[in-house]
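Just model_14.pdb here, PDB, C-alpha atoms:
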ATOM      1  CA  GLY A 679      41.697   2.460 -12.382  1.00  0.00           C
ATOM      2  CA  GLU A 680      40.087  -0.892 -13.013  1.00  0.00           C
ATOM      3  CA  ALA A 681      36.514  -1.356 -11.889  1.00  0.00           C
ATOM      4  CA  ALA A 682      36.015  -3.500  -8.796  1.00  0.00           C
ATOM      5  CA  PRO A 683      34.784  -7.014  -9.585  1.00  0.00           C
ATOM      6  CA  ALA A 684      31.077  -7.591  -9.116  1.00  0.00           C
ATOM      7  CA  PRO A 685      30.276  -9.350  -5.834  1.00  0.00           C
ATOM      8  CA  ASP A 686      28.993 -12.920  -6.006  1.00  0.00           C
ATOM      9  CA  ALA A 687      25.250 -13.410  -5.457  1.00  0.00           C
ATOM     10  CA  GLU A 688      25.563 -14.620  -1.861  1.00  0.00           C
ATOM     11  CA  SER A 689      27.756 -11.768  -0.620  1.00  0.00           C
ATOM     12  CA  ALA A 690      25.717  -9.251  -2.635  1.00  0.00           C
ATOM     13  CA  GLN A 691      22.495 -10.399  -0.979  1.00  0.00           C
ATOM     14  CA  LYS A 692      24.055 -10.156   2.479  1.00  0.00           C
ATOM     15  CA  ARG A 693      25.144  -6.599   1.690  1.00  0.00           C
ATOM     16  CA  GLY A 694      21.735  -5.702   0.252  1.00  0.00           C
ATOM     17  CA  ILE A 695      22.989  -5.217  -3.314  1.00  0.00           C
ATOM     18  CA  PRO A 696      20.315  -6.067  -5.947  1.00  0.00           C
ATOM     19  CA  THR A 697      21.207  -9.114  -8.044  1.00  0.00           C
ATOM     20  CA  PRO A 698      19.468 -10.788 -11.003  1.00  0.00           C
ATOM     21  CA  GLY A 699      16.249 -12.316  -9.686  1.00  0.00           C
ATOM     22  CA  THR A 700      16.060  -9.932  -6.710  1.00  0.00           C
ATOM     23  CA  PHE A 701      12.454  -9.192  -5.753  1.00  0.00           C
ATOM     24  CA  VAL A 702      11.470  -5.715  -6.967  1.00  0.00           C
ATOM     25  CA  ARG A 703       7.917  -4.366  -6.833  1.00  0.00           C
ATOM     26  CA  GLU A 704       7.103  -0.933  -8.191  1.00  0.00           C
ATOM     27  CA  SER A 705       5.287   0.989  -5.485  1.00  0.00           C
ATOM     28  CA  ARG A 706       2.190   3.047  -6.250  1.00  0.00           C
ATOM     29  CA  PHE A 707       2.022   4.219  -2.647  1.00  0.00           C
ATOM     30  CA  LEU A 708       3.163   7.841  -2.578  1.00  0.00           C
ATOM     31  CA  THR A 709       4.835   8.720   0.719  1.00  0.00           C
ATOM     32  CA  THR A 710       5.456  12.406   1.378  1.00  0.00           C
ATOM     33  CA  SER A 711       7.563  13.959   4.138  1.00  0.00           C
ATOM     34  CA  GLN A 712       4.383  15.478   5.555  1.00  0.00           C
ATOM     35  CA  MET A 713       2.789  12.031   5.799  1.00  0.00           C
ATOM     36  CA  VAL A 714       5.858  10.669   7.575  1.00  0.00           C
ATOM     37  CA  ARG A 715       5.764  13.609  10.011  1.00  0.00           C
ATOM     38  CA  LEU A 716       2.098  12.911  10.786  1.00  0.00           C
ATOM     39  CA  PHE A 717       2.797   9.264  11.552  1.00  0.00           C
ATOM     40  CA  SER A 718       5.972  10.038  13.526  1.00  0.00           C
ATOM     41  CA  ASP A 719       4.502  12.930  15.507  1.00  0.00           C
ATOM     42  CA  ASP A 720       5.372  11.306  18.853  1.00  0.00           C
ATOM     43  CA  CYS A 721       8.936  10.372  17.841  1.00  0.00           C
ATOM     44  CA  SER A 722      11.767  12.150  19.617  1.00  0.00           C
ATOM     45  CA  ALA A 723      15.454  11.545  20.244  1.00  0.00           C
ATOM     46  CA  PRO A 724      16.304   9.239  23.154  1.00  0.00           C
ATOM     47  CA  ALA A 725      17.188  10.957  26.399  1.00  0.00           C
ATOM     48  CA  GLU A 726      20.794  10.966  27.559  1.00  0.00           C
ATOM     49  CA  GLY A 727      21.563   7.618  29.158  1.00  0.00           C
ATOM     50  CA  ALA A 728      18.331   6.022  27.916  1.00  0.00           C
ATOM     51  CA  ARG A 729      18.279   2.236  27.644  1.00  0.00           C
ATOM     52  CA  ILE A 730      17.658   1.717  23.914  1.00  0.00           C
ATOM     53  CA  VAL A 731      15.986  -1.513  22.805  1.00  0.00           C
ATOM     54  CA  TYR A 732      16.297  -2.627  19.182  1.00  0.00           C
ATOM     55  CA  VAL A 733      14.025  -5.069  17.333  1.00  0.00           C
ATOM     56  CA  ASP A 734      13.664  -5.753  13.633  1.00  0.00           C
ATOM     57  CA  GLY A 735      11.296  -7.524  11.278  1.00  0.00           C
ATOM     58  CA  GLY A 736       9.136  -7.338   8.180  1.00  0.00           C
ATOM     59  CA  TRP A 737       5.963  -6.202  10.018  1.00  0.00           C
ATOM     60  CA  ASP A 738       3.852  -7.189   7.015  1.00  0.00           C
ATOM     61  CA  MET A 739       0.072  -6.747   7.394  1.00  0.00           C
ATOM     62  CA  PHE A 740       0.758  -5.214  10.824  1.00  0.00           C
ATOM     63  CA  HIS A 741      -1.403  -7.166  13.274  1.00  0.00           C
ATOM     64  CA  ALA A 742      -2.167  -7.855  16.950  1.00  0.00           C
ATOM     65  CA  GLY A 743       0.797 -10.221  17.310  1.00  0.00           C
ATOM     66  CA  HIS A 744       3.167  -7.457  16.226  1.00  0.00           C
ATOM     67  CA  VAL A 745       1.622  -5.002  18.697  1.00  0.00           C
ATOM     68  CA  ALA A 746       1.911  -7.481  21.585  1.00  0.00           C
ATOM     69  CA  PHE A 747       5.577  -8.134  20.744  1.00  0.00           C
ATOM     70  CA  LEU A 748       6.438  -4.423  20.501  1.00  0.00           C
ATOM     71  CA  GLN A 749       4.708  -3.796  23.819  1.00  0.00           C
ATOM     72  CA  ALA A 750       6.778  -6.535  25.483  1.00  0.00           C
ATOM     73  CA  ALA A 751       9.994  -5.269  23.860  1.00  0.00           C
ATOM     74  CA  SER A 752       9.309  -1.677  24.955  1.00  0.00           C
ATOM     75  CA  GLN A 753       9.264  -2.855  28.587  1.00  0.00           C
ATOM     76  CA  LEU A 754      12.911  -3.936  28.327  1.00  0.00           C
ATOM     77  CA  GLY A 755      14.120  -0.342  28.249  1.00  0.00           C
ATOM     78  CA  ASP A 756      13.277   3.330  27.812  1.00  0.00           C
ATOM     79  CA  TYR A 757      13.315   3.715  24.030  1.00  0.00           C
ATOM     80  CA  LEU A 758      12.180   1.219  21.366  1.00  0.00           C
ATOM     81  CA  LEU A 759      13.951   1.382  18.014  1.00  0.00           C
ATOM     82  CA  VAL A 760      12.262  -0.754  15.337  1.00  0.00           C
ATOM     83  CA  GLY A 761      14.032  -1.902  12.184  1.00  0.00           C
ATOM     84  CA  VAL A 762      11.814  -2.382   9.105  1.00  0.00           C
ATOM     85  CA  HIS A 763      13.405  -4.613   6.468  1.00  0.00           C
ATOM     86  CA  SER A 764      13.220  -3.811   2.762  1.00  0.00           C
ATOM     87  CA  ASP A 765      10.835  -5.532   0.347  1.00  0.00           C
ATOM     88  CA  ALA A 766      13.731  -7.484  -1.201  1.00  0.00           C
ATOM     89  CA  VAL A 767      14.962  -8.774   2.174  1.00  0.00           C
ATOM     90  CA  VAL A 768      11.456  -9.813   3.284  1.00  0.00           C
ATOM     91  CA  ASN A 769      10.842 -11.614  -0.004  1.00  0.00           C
ATOM     92  CA  ARG A 770      14.205 -13.372   0.113  1.00  0.00           C
ATOM     93  CA  HIS A 771      13.402 -14.892   3.510  1.00  0.00           C
ATOM     94  CA  ARG A 772       9.632 -15.353   3.196  1.00  0.00           C
ATOM     95  CA  GLY A 773       9.295 -16.086  -0.532  1.00  0.00           C
ATOM     96  CA  HIS A 774       6.083 -16.316  -2.573  1.00  0.00           C
ATOM     97  CA  ASN A 775       4.567 -12.871  -3.190  1.00  0.00           C
ATOM     98  CA  TYR A 776       5.540 -11.383   0.162  1.00  0.00           C
ATOM     99  CA  PRO A 777       5.575  -8.739   1.422  1.00  0.00           C
ATOM    100  CA  ILE A 778       1.915  -7.885   0.839  1.00  0.00           C
ATOM    101  CA  LEU A 779       2.497  -4.297   1.941  1.00  0.00           C
ATOM    102  CA  ASN A 780       5.448  -2.397   0.547  1.00  0.00           C
ATOM    103  CA  GLN A 781       8.169  -0.883   2.700  1.00  0.00           C
ATOM    104  CA  GLN A 782       6.606   2.586   2.900  1.00  0.00           C
ATOM    105  CA  GLU A 783       3.306   1.150   4.114  1.00  0.00           C
ATOM    106  CA  ARG A 784       5.024  -1.098   6.634  1.00  0.00           C
ATOM    107  CA  VAL A 785       7.129   1.767   7.983  1.00  0.00           C
ATOM    108  CA  LEU A 786       4.027   3.923   8.537  1.00  0.00           C
ATOM    109  CA  SER A 787       2.229   1.006  10.216  1.00  0.00           C
ATOM    110  CA  VAL A 788       5.092   0.576  12.684  1.00  0.00           C
ATOM    111  CA  LEU A 789       5.381   4.324  13.298  1.00  0.00           C
ATOM    112  CA  ALA A 790       1.673   4.450  14.142  1.00  0.00           C
ATOM    113  CA  CYS A 791       2.140   1.936  16.981  1.00  0.00           C
ATOM    114  CA  ARG A 792       2.206   3.628  20.382  1.00  0.00           C
ATOM    115  CA  TYR A 793       5.131   1.494  21.598  1.00  0.00           C
ATOM    116  CA  THR A 794       7.473   2.545  18.781  1.00  0.00           C
ATOM    117  CA  SER A 795       9.900   5.344  19.625  1.00  0.00           C
ATOM    118  CA  ASP A 796      11.528   5.480  16.164  1.00  0.00           C
ATOM    119  CA  VAL A 797      12.247   3.281  13.141  1.00  0.00           C
ATOM    120  CA  VAL A 798      15.338   2.232  11.226  1.00  0.00           C
ATOM    121  CA  ILE A 799      14.422   1.904   7.548  1.00  0.00           C
ATOM    122  CA  ASP A 800      16.074  -0.992   5.683  1.00  0.00           C
ATOM    123  CA  PRO A 801      18.489  -2.065   8.445  1.00  0.00           C
ATOM    124  CA  PRO A 802      21.138  -4.714   7.753  1.00  0.00           C
ATOM    125  CA  TRP A 803      19.984  -8.314   8.190  1.00  0.00           C
ATOM    126  CA  TYR A 804      23.106  -9.087  10.238  1.00  0.00           C
ATOM    127  CA  LEU A 805      23.585  -6.793  13.219  1.00  0.00           C
ATOM    128  CA  THR A 806      27.122  -5.458  13.597  1.00  0.00           C
ATOM    129  CA  ARG A 807      29.071  -3.931  16.462  1.00  0.00           C
ATOM    130  CA  GLU A 808      29.311  -0.698  14.466  1.00  0.00           C
ATOM    131  CA  MET A 809      25.505  -0.439  14.146  1.00  0.00           C
ATOM    132  CA  ILE A 810      24.983  -1.240  17.812  1.00  0.00           C
ATOM    133  CA  ALA A 811      27.518   1.407  18.832  1.00  0.00           C
ATOM    134  CA  ALA A 812      26.231   4.042  16.387  1.00  0.00           C
ATOM    135  CA  LEU A 813      22.626   3.685  17.572  1.00  0.00           C
ATOM    136  CA  ARG A 814      23.629   3.264  21.246  1.00  0.00           C
ATOM    137  CA  ILE A 815      21.678   0.015  21.485  1.00  0.00           C
ATOM    138  CA  SER A 816      21.582  -1.575  24.951  1.00  0.00           C
ATOM    139  CA  VAL A 817      19.276  -4.523  24.220  1.00  0.00           C
ATOM    140  CA  VAL A 818      18.474  -6.501  21.060  1.00  0.00           C
ATOM    141  CA  ALA A 819      15.206  -8.436  21.310  1.00  0.00           C
ATOM    142  CA  HIS A 820      13.678 -11.025  18.997  1.00  0.00           C
ATOM    143  CA  GLY A 821      10.481 -13.079  19.164  1.00  0.00           C
ATOM    144  CA  THR A 822      10.302 -16.856  19.251  1.00  0.00           C
ATOM    145  CA  ALA A 823       7.950 -16.822  16.217  1.00  0.00           C
ATOM    146  CA  HIS A 824       9.883 -15.566  13.196  1.00  0.00           C
ATOM    147  CA  ASP A 825      10.851 -16.315   9.597  1.00  0.00           C
ATOM    148  CA  HIS A 826      13.085 -19.304   8.923  1.00  0.00           C
ATOM    149  CA  ASN A 827      16.686 -18.334   8.174  1.00  0.00           C
ATOM    150  CA  GLU A 828      17.741 -20.279   5.070  1.00  0.00           C
ATOM    151  CA  ASP A 829      21.507 -19.668   5.205  1.00  0.00           C
ATOM    152  CA  GLU A 830      21.880 -21.133   8.724  1.00  0.00           C
ATOM    153  CA  SER A 831      24.010 -18.207   9.911  1.00  0.00           C
ATOM    154  CA  ASP A 832      22.676 -16.222  12.854  1.00  0.00           C
ATOM    155  CA  PRO A 833      21.775 -12.538  12.226  1.00  0.00           C
ATOM    156  CA  TYR A 834      21.985 -11.989  15.993  1.00  0.00           C
ATOM    157  CA  HIS A 835      25.393 -13.584  16.529  1.00  0.00           C
ATOM    158  CA  VAL A 836      27.044 -10.286  17.507  1.00  0.00           C
ATOM    159  CA  PRO A 837      24.487  -9.129  20.121  1.00  0.00           C
ATOM    160  CA  LYS A 838      24.500 -12.653  21.594  1.00  0.00           C
ATOM    161  CA  GLN A 839      28.294 -12.487  21.815  1.00  0.00           C
ATOM    162  CA  MET A 840      27.995  -9.115  23.544  1.00  0.00           C
ATOM    163  CA  GLY A 841      25.454 -10.488  26.028  1.00  0.00           C
ATOM    164  CA  ILE A 842      22.712  -7.998  25.087  1.00  0.00           C
ATOM    165  CA  PHE A 843      20.335 -10.355  23.246  1.00  0.00           C
ATOM    166  CA  VAL A 844      16.908 -11.177  24.707  1.00  0.00           C
ATOM    167  CA  SER A 845      14.500 -13.778  23.285  1.00  0.00           C
ATOM    168  CA  LEU A 846      10.872 -12.839  23.901  1.00  0.00           C
ATOM    169  CA  PRO A 847       8.238 -15.610  23.850  1.00  0.00           C
ATOM    170  CA  SER A 848       5.595 -14.880  21.224  1.00  0.00           C
ATOM    171  CA  THR A 849       2.142 -14.603  22.797  1.00  0.00           C
ATOM    172  CA  THR A 850       0.226 -15.468  19.628  1.00  0.00           C
ATOM    173  CA  ASP A 851       0.721 -17.803  16.672  1.00  0.00           C
ATOM    174  CA  LEU A 852      -1.004 -15.372  14.303  1.00  0.00           C
ATOM    175  CA  THR A 853       1.027 -14.871  11.121  1.00  0.00           C
ATOM    176  CA  VAL A 854       0.637 -12.921   7.903  1.00  0.00           C
ATOM    177  CA  GLY A 855      -0.044 -16.284   6.228  1.00  0.00           C
ATOM    178  CA  ASP A 856      -3.056 -16.773   8.512  1.00  0.00           C
ATOM    179  CA  ILE A 857      -4.368 -13.325   7.576  1.00  0.00           C
ATOM    180  CA  VAL A 858      -3.973 -14.003   3.854  1.00  0.00           C
ATOM    181  CA  PHE A 859      -5.805 -17.334   4.291  1.00  0.00           C
ATOM    182  CA  ARG A 860      -8.690 -15.580   6.079  1.00  0.00           C
ATOM    183  CA  ILE A 861      -8.921 -12.914   3.373  1.00  0.00           C
ATOM    184  CA  ASN A 862      -9.032 -15.548   0.627  1.00  0.00           C
ATOM    185  CA  ALA A 863     -11.623 -17.604   2.541  1.00  0.00           C
ATOM    186  CA  ASN A 864     -13.827 -14.554   3.056  1.00  0.00           C
ATOM    187  CA  HIS A 865     -13.370 -13.574  -0.585  1.00  0.00           C
ATOM    188  CA  ASP A 866     -14.710 -16.959  -1.713  1.00  0.00           C
ATOM    189  CA  ARG A 867     -17.591 -16.811   0.773  1.00  0.00           C
ATOM    190  CA  ILE A 868     -18.599 -13.262  -0.179  1.00  0.00           C
ATOM    191  CA  SER A 869     -18.271 -13.988  -3.915  1.00  0.00           C
ATOM    192  CA  SER A 870     -20.612 -16.973  -3.511  1.00  0.00           C
ATOM    193  CA  LYS A 871     -23.069 -14.840  -1.530  1.00  0.00           C
ATOM    194  CA  VAL A 872     -23.045 -12.079  -4.177  1.00  0.00           C
ATOM    195  CA  GLN A 873     -23.535 -14.640  -6.952  1.00  0.00           C
ATOM    196  CA  LYS A 874     -26.603 -16.093  -5.198  1.00  0.00           C
ATOM    197  CA  LYS A 875     -28.003 -12.591  -4.677  1.00  0.00           C
ATOM    198  CA  MET A 876     -27.547 -11.749  -8.369  1.00  0.00           C
ATOM    199  CA  LEU A 877     -29.353 -14.944  -9.432  1.00  0.00           C
ATOM    200  CA  ALA A 878     -32.202 -14.264  -6.983  1.00  0.00           C
ATOM    201  CA  GLU A 879     -32.592 -10.690  -8.322  1.00  0.00           C
ATOM    202  CA  ARG A 880     -32.557 -11.946 -11.918  1.00  0.00           C
ATOM    203  CA  ASP A 881     -35.288 -14.502 -11.161  1.00  0.00           C
ATOM    204  CA  TYR A 882     -37.337 -11.874  -9.315  1.00  0.00           C
ATOM    205  CA  TYR A 883     -37.334  -9.474 -12.300  1.00  0.00           C
ATOM    206  CA  ARG A 884     -38.040 -12.293 -14.746  1.00  0.00           C
ATOM    207  CA  ASN A 885     -41.098 -13.379 -12.775  1.00  0.00           C
ATOM    208  CA  ARG A 886     -42.364  -9.891 -11.939  1.00  0.00           C
ATOM    209  CA  TYR A 887     -42.046  -8.396 -15.423  1.00  0.00           C
ATOM    210  CA  LYS A 888     -42.425 -11.593 -17.449  1.00  0.00           C
ATOM    211  CA  LEU A 889     -39.006 -11.093 -19.034  1.00  0.00           C
ATOM    212  CA  PRO A 890     -37.469 -13.687 -21.361  1.00  0.00           C
ATOM    213  CA  LYS A 891     -34.836 -15.941 -19.872  1.00  0.00           C
ATOM    214  CA  THR A 892     -31.406 -14.482 -20.558  1.00  0.00           C
ATOM    215  CA  ASP A 893     -27.926 -15.469 -19.642  1.00  0.00           C
ATOM    216  CA  MET A 894     -25.618 -13.249 -17.549  1.00  0.00           C
ATOM    217  CA  VAL A 895     -24.538 -11.092 -20.502  1.00  0.00           C
ATOM    218  CA  GLY A 896     -28.021 -10.313 -21.735  1.00  0.00           C
ATOM    219  CA  HIS A 897     -28.362 -12.770 -24.642  1.00  0.00           C
ATOM    220  CA  THR A 898     -31.641 -14.643 -24.924  1.00  0.00           C
ATOM    221  CA  ALA A 899     -31.216 -18.213 -23.643  1.00  0.00           C
ATOM    222  CA  TYR A 900     -32.970 -20.970 -25.553  1.00  0.00           C
TER     223      TYR A 900
END
I need this file expressed as structure tokens, please.
Amino acid sequence: GEAAPAPDAESAQKRGIPTPGTFVRESRFLTTSQMVRLFSDDCSAPAEGARIVYVDGGWDMFHAGHVAFLQAASQLGDYLLVGVHSDAVVNRHRGHNYPILNQQERVLSVLACRYTSDVVIDPPWYLTREMIAALRISVVAHGTAHDHNEDESDPYHVPKQMGIFVSLPSTTDLTVGDIVFRINANHDRISSKVQKKMLAERDYYRNRYKLPKTDMVGHTAY
């Protein structure tokens, strides 16, 4: 038969199908099944009748704000299921060079959190009734601090319609952007400190051993 027509870019993105220009980063982080087992050692299936809470996010550079949110979400039920979006989805909504950590690293970070019961890897951006039913989700929670949604449609429309959506106030304004800024600021400060130390050492050896003045690559300076 004839091949199905290729989906347009907008519908392809919503369905998670790679399109020209889609963010793709080759991962050098090698995740083995043994490593996943080590990080998910405390994971177990939810008990019969358990109240399952679902949250999702990018969880990039997993930080204190993420932990506080997961702790609050875990108190809404008996079992916390955490969705970890793919690199392409995070980049599409956050832009620039995000995510800093690839999906494997972000999944392991979330699994290592004591409040996480299990993870959903690369969940759909838009929650559906089928997903909610399949995973037996009782509550869908989302923080007040989150990425801007460019397409104006609401990923949580269905759980809101079903009356199972809960908005949790974010207890910190810390973001991955803040962390990147701090890293860059410290990098500049430390680089300047190292440079001063190198110049001081060079001057010390010049004076102590009466060495000729040289530039940084060892050529005699005139």
Which residues of range 761-827 of chain A sit at most 9 Å from range 832-837 of chain A, using all atoms listed in the file? Give each one's shortest atom pair and distance in Å (one decimal place), in chain and ascending residue order, as a tab-separated table.
residue	atom	partner	partner_atom	distance
A:Trp803	CA	A:Pro833	CA	6.1
A:Tyr804	CA	A:Pro833	CA	4.2
A:Leu805	CA	A:Tyr834	CA	6.1
A:Thr806	CA	A:Val836	CA	6.2
A:Arg807	CA	A:Val836	CA	6.8
A:Ile810	CA	A:Pro837	CA	8.2
A:Val817	CA	A:Pro837	CA	8.1
A:Val818	CA	A:Pro837	CA	6.6
A:His820	CA	A:Tyr834	CA	8.9
A:Asn827	CA	A:Asp832	CA	7.9
Considering all atoms listed in the file, return as number ranges by chain whatever protein or nucleic-acid residues lie within 6 Å of range 724-737 of chain A, sequence-local ones (same chain, fewer than 5 positions apart) excluded. A: 755-763, 768, 815-819
For the file shown, what are the residues hit by the PyMOL selection byres ((chain A and resi 750) around 12), laid out as a ChimeraX atom specification? /A:731,733,743-749,751-755,758,793-794,819-821,844-849
Hits from the PyMOL selection byres ((chain A and resi 739) around 7), listed as an MDAnalysis selection string: chainID A and resid 737:738 740:741 778:779 854
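The space separating CA of His774 in chain A from CA of Ala863 in chain A comes to 18.5 Å.
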Which residues, named as in the file, does the PyMOL selection byres ((chain A and resi 783) around 12) pick out? Answer as number ranges by chain. A: 705-710, 713-714, 717, 736-740, 762-765, 777-782, 784-790, 799
Might I get the box with edges along x, y and z of the file that holds all atoms of range 801-815 of chain A listed there, padded by 4 Å on every side, given as centre and edge lengths in Å to one decimal, as AutoDock Vina command-line options?
--center_x 23.9 --center_y -2.5 --center_z 14.6 --size_x 18.8 --size_y 21.1 --size_z 21.7
Report, in Å to a single decimal, how far apart CA of Asp719 in chain A and CA of Asp796 in chain A are. 10.3 Å
CA of Thr850 in chain A to CA of Ala742 in chain A, straight-line distance in Å: 8.4 Å
How would range 713-722 of chain A read, as a PDB file, keeping the file's coordinate frame, once all heavy atoms are built in?
ATOM      1  N   MET A 713       3.445  13.248   5.315  1.00  0.00           N
ATOM      2  CA  MET A 713       2.789  12.031   5.799  1.00  0.00           C
ATOM      3  C   MET A 713       3.648  11.345   6.861  1.00  0.00           C
ATOM      4  O   MET A 713       3.151  10.900   7.896  1.00  0.00           O
ATOM      5  CB  MET A 713       2.532  11.073   4.631  1.00  0.00           C
ATOM      6  CG  MET A 713       1.740   9.832   5.025  1.00  0.00           C
ATOM      7  SD  MET A 713       1.491   8.723   3.619  1.00  0.00           S
ATOM      8  CE  MET A 713       0.483   9.749   2.548  1.00  0.00           C
ATOM      9  N   VAL A 714       4.954  11.279   6.605  1.00  0.00           N
ATOM     10  CA  VAL A 714       5.858  10.669   7.575  1.00  0.00           C
ATOM     11  C   VAL A 714       5.833  11.448   8.883  1.00  0.00           C
ATOM     12  O   VAL A 714       5.804  10.866   9.975  1.00  0.00           O
ATOM     13  CB  VAL A 714       7.293  10.588   7.016  1.00  0.00           C
ATOM     14  CG1 VAL A 714       8.261  10.108   8.092  1.00  0.00           C
ATOM     15  CG2 VAL A 714       7.348   9.664   5.808  1.00  0.00           C
ATOM     16  N   ARG A 715       5.813  12.780   8.795  1.00  0.00           N
ATOM     17  CA  ARG A 715       5.764  13.609  10.011  1.00  0.00           C
ATOM     18  C   ARG A 715       4.489  13.346  10.801  1.00  0.00           C
ATOM     19  O   ARG A 715       4.508  13.301  12.026  1.00  0.00           O
ATOM     20  CB  ARG A 715       5.856  15.099   9.651  1.00  0.00           C
ATOM     21  CG  ARG A 715       7.263  15.573   9.315  1.00  0.00           C
ATOM     22  CD  ARG A 715       7.372  17.093   9.404  1.00  0.00           C
ATOM     23  NE  ARG A 715       6.458  17.757   8.487  1.00  0.00           N
ATOM     24  CZ  ARG A 715       6.750  18.050   7.226  1.00  0.00           C
ATOM     25  NH1 ARG A 715       7.938  17.725   6.730  1.00  0.00           N
ATOM     26  NH2 ARG A 715       5.878  18.659   6.450  1.00  0.00           N
ATOM     27  N   LEU A 716       3.369  13.182  10.107  1.00  0.00           N
ATOM     28  CA  LEU A 716       2.098  12.911  10.786  1.00  0.00           C
ATOM     29  C   LEU A 716       2.153  11.589  11.551  1.00  0.00           C
ATOM     30  O   LEU A 716       1.692  11.504  12.694  1.00  0.00           O
ATOM     31  CB  LEU A 716       0.951  12.879   9.777  1.00  0.00           C
ATOM     32  CG  LEU A 716       0.503  14.220   9.202  1.00  0.00           C
ATOM     33  CD1 LEU A 716      -0.498  14.010   8.078  1.00  0.00           C
ATOM     34  CD2 LEU A 716      -0.128  15.087  10.295  1.00  0.00           C
ATOM     35  N   PHE A 717       2.728  10.574  10.918  1.00  0.00           N
ATOM     36  CA  PHE A 717       2.797   9.264  11.552  1.00  0.00           C
ATOM     37  C   PHE A 717       3.861   9.210  12.651  1.00  0.00           C
ATOM     38  O   PHE A 717       3.767   8.384  13.561  1.00  0.00           O
ATOM     39  CB  PHE A 717       3.073   8.184  10.514  1.00  0.00           C
ATOM     40  CG  PHE A 717       1.843   7.703   9.800  1.00  0.00           C
ATOM     41  CD1 PHE A 717       1.282   8.444   8.770  1.00  0.00           C
ATOM     42  CD2 PHE A 717       1.235   6.512  10.162  1.00  0.00           C
ATOM     43  CE1 PHE A 717       0.143   8.007   8.109  1.00  0.00           C
ATOM     44  CE2 PHE A 717       0.094   6.067   9.509  1.00  0.00           C
ATOM     45  CZ  PHE A 717      -0.464   6.810   8.486  1.00  0.00           C
ATOM     46  N   SER A 718       4.879  10.066  12.553  1.00  0.00           N
ATOM     47  CA  SER A 718       5.972  10.038  13.526  1.00  0.00           C
ATOM     48  C   SER A 718       5.894  11.215  14.497  1.00  0.00           C
ATOM     49  O   SER A 718       6.907  11.624  15.070  1.00  0.00           O
ATOM     50  CB  SER A 718       7.320  10.050  12.797  1.00  0.00           C
ATOM     51  OG  SER A 718       7.432  11.194  11.961  1.00  0.00           O
ATOM     52  N   ASP A 719       4.699  11.730  14.685  1.00  0.00           N
ATOM     53  CA  ASP A 719       4.502  12.930  15.507  1.00  0.00           C
ATOM     54  C   ASP A 719       5.044  12.756  16.927  1.00  0.00           C
ATOM     55  O   ASP A 719       5.530  13.706  17.540  1.00  0.00           O
ATOM     56  CB  ASP A 719       3.011  13.285  15.552  1.00  0.00           C
ATOM     57  CG  ASP A 719       2.753  14.643  16.190  1.00  0.00           C
ATOM     58  OD1 ASP A 719       3.438  15.610  15.786  1.00  0.00           O
ATOM     59  OD2 ASP A 719       1.897  14.735  17.084  1.00  0.00           O
ATOM     60  N   ASP A 720       4.942  11.541  17.470  1.00  0.00           N
ATOM     61  CA  ASP A 720       5.372  11.306  18.853  1.00  0.00           C
ATOM     62  C   ASP A 720       6.842  10.887  18.950  1.00  0.00           C
ATOM     63  O   ASP A 720       7.339  10.648  20.054  1.00  0.00           O
ATOM     64  CB  ASP A 720       4.499  10.213  19.497  1.00  0.00           C
ATOM     65  CG  ASP A 720       3.061  10.674  19.681  1.00  0.00           C
ATOM     66  OD1 ASP A 720       2.847  11.889  19.852  1.00  0.00           O
ATOM     67  OD2 ASP A 720       2.148   9.817  19.633  1.00  0.00           O
ATOM     68  N   CYS A 721       7.534  10.788  17.820  1.00  0.00           N
ATOM     69  CA  CYS A 721       8.936  10.372  17.841  1.00  0.00           C
ATOM     70  C   CYS A 721       9.834  11.509  18.323  1.00  0.00           C
ATOM     71  O   CYS A 721       9.653  12.662  17.939  1.00  0.00           O
ATOM     72  CB  CYS A 721       9.392   9.934  16.457  1.00  0.00           C
ATOM     73  SG  CYS A 721       8.652   8.393  15.915  1.00  0.00           S
ATOM     74  N   SER A 722      10.783  11.170  19.154  1.00  0.00           N
ATOM     75  CA  SER A 722      11.767  12.150  19.617  1.00  0.00           C
ATOM     76  C   SER A 722      13.072  11.410  19.879  1.00  0.00           C
ATOM     77  O   SER A 722      13.094  10.173  19.976  1.00  0.00           O
ATOM     78  CB  SER A 722      11.284  12.847  20.889  1.00  0.00           C
ATOM     79  OG  SER A 722      11.042  11.899  21.911  1.00  0.00           O
TER      80      SER A 722
END
